[in-house]
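Worksheet: the structure to be examined is printed underneath.
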Amino acid sequence: MAATHNLFISHSWAYSDAYDRLTNLLSSRGYFFYNNHSVPINDPIHTNGTDKQLYDAIYNKMYGCHVVLIIAGVYSSYSKWIDKEIKIAKSDFSTPKPIIAIEPWGSERTSKIVTDIADITVGWNTESIINAIRKYS
């Protein structure tokens with residue numbers, strides 16, 4: 001049986017349609033299995049509003065993941081939580097989590113902050129994304 005990949009997909013809730021398209025793309029790919037450890041808009045982390053609690057919750061979600069996927073839209077450059085997710089992935093584990101930046105479908109510009117820190121940047125293409133996940137898992 002094929003390996004199951006544990007993924008944390010960083011995304012902006014304001015652009016949750018891109019997240020939905022990405023998870024649909026991954027789910028529809030044959031012979032690719034994954035567990036989604038993300039924080040989608042329809043299943044938020046419940047805290048009493050402190051950044052520390054949210055940080056800890058994201059850390060715990062990311063802890064068992066093989067890779068972190070970031071949809072690298074320009075909005076990513078202005079998101080304080082994507083910055084924190086990058087810090088968690090790259091600095092807060094004994095072995096840093098690989099980051100795969102995914103250029104949004106039809107995008108002419110991407111977040112330089114995300115692509116500079118990413119281990120690899122791929123286009124919005126099923127095989128490119130799957131191959132990167134397999135390579136970095």
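Going through the structure tokens in order, the chains are called A, B, and so on, while each chain numbers its residues from 1 and the ligands are numbered from 1 in the order shown.
Residues lying within 8 Å of Pro104 (chain A), counting only C-alpha atoms and ignoring same-chain neighbours fewer than 2 positions away, are Ala18, Ile71, Ala72, Gly73, Ile102, Gly106, Ser107, Thr110, Gly123 and Trp124 of chain A.
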Mind dumping the selected residues with C-alpha atoms as a compact mmCIF listing (two decimals), in the first residue's frame?
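Resulting contents of part_17.txt:
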```
# COMPACT_ATOMS: atom_id res chain seq x y z
CA ALA A 18 -8.04 28.08 -3.18
CA ILE A 71 -0.62 28.51 -1.17
CA ALA A 72 1.71 31.34 -2.15
CA GLY A 73 -0.74 34.01 -3.22
CA ILE A 102 2.23 26.33 -4.45
CA GLY A 106 -3.90 31.59 -12.76
CA SER A 107 -1.75 33.82 -10.57
CA THR A 110 3.27 35.09 -5.80
CA GLY A 123 2.87 25.44 -10.08
CA TRP A 124 -0.79 24.61 -9.69
```
field: strand (DSSP E or B) call set, DSSP backbone run, chain A, as a PyMOL selection string
entry: chain A and resi 4-10+33-36+67-71+99-102+120-122
- prompt: When distances are computed from only C-alpha atoms, which of A:Ile88, A:Ile129, A:Ile70, A:Leu26 shows the smallest separation from Leu54 (chain A)?
  reply: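 Of A:Ile88, A:Ile129, A:Ile70, A:Leu26, the one nearest Leu54 (chain A) is A:Ile88, counting only C-alpha atoms.
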task: Have a look at A:Lys112, A:Ser38, A:Ile58, A:Trp105 and name the one nearest to Ala89 (chain A); count only C-alpha atoms.
output: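 With only C-alpha atoms as the atom set, the closest residue is A:Ile58.
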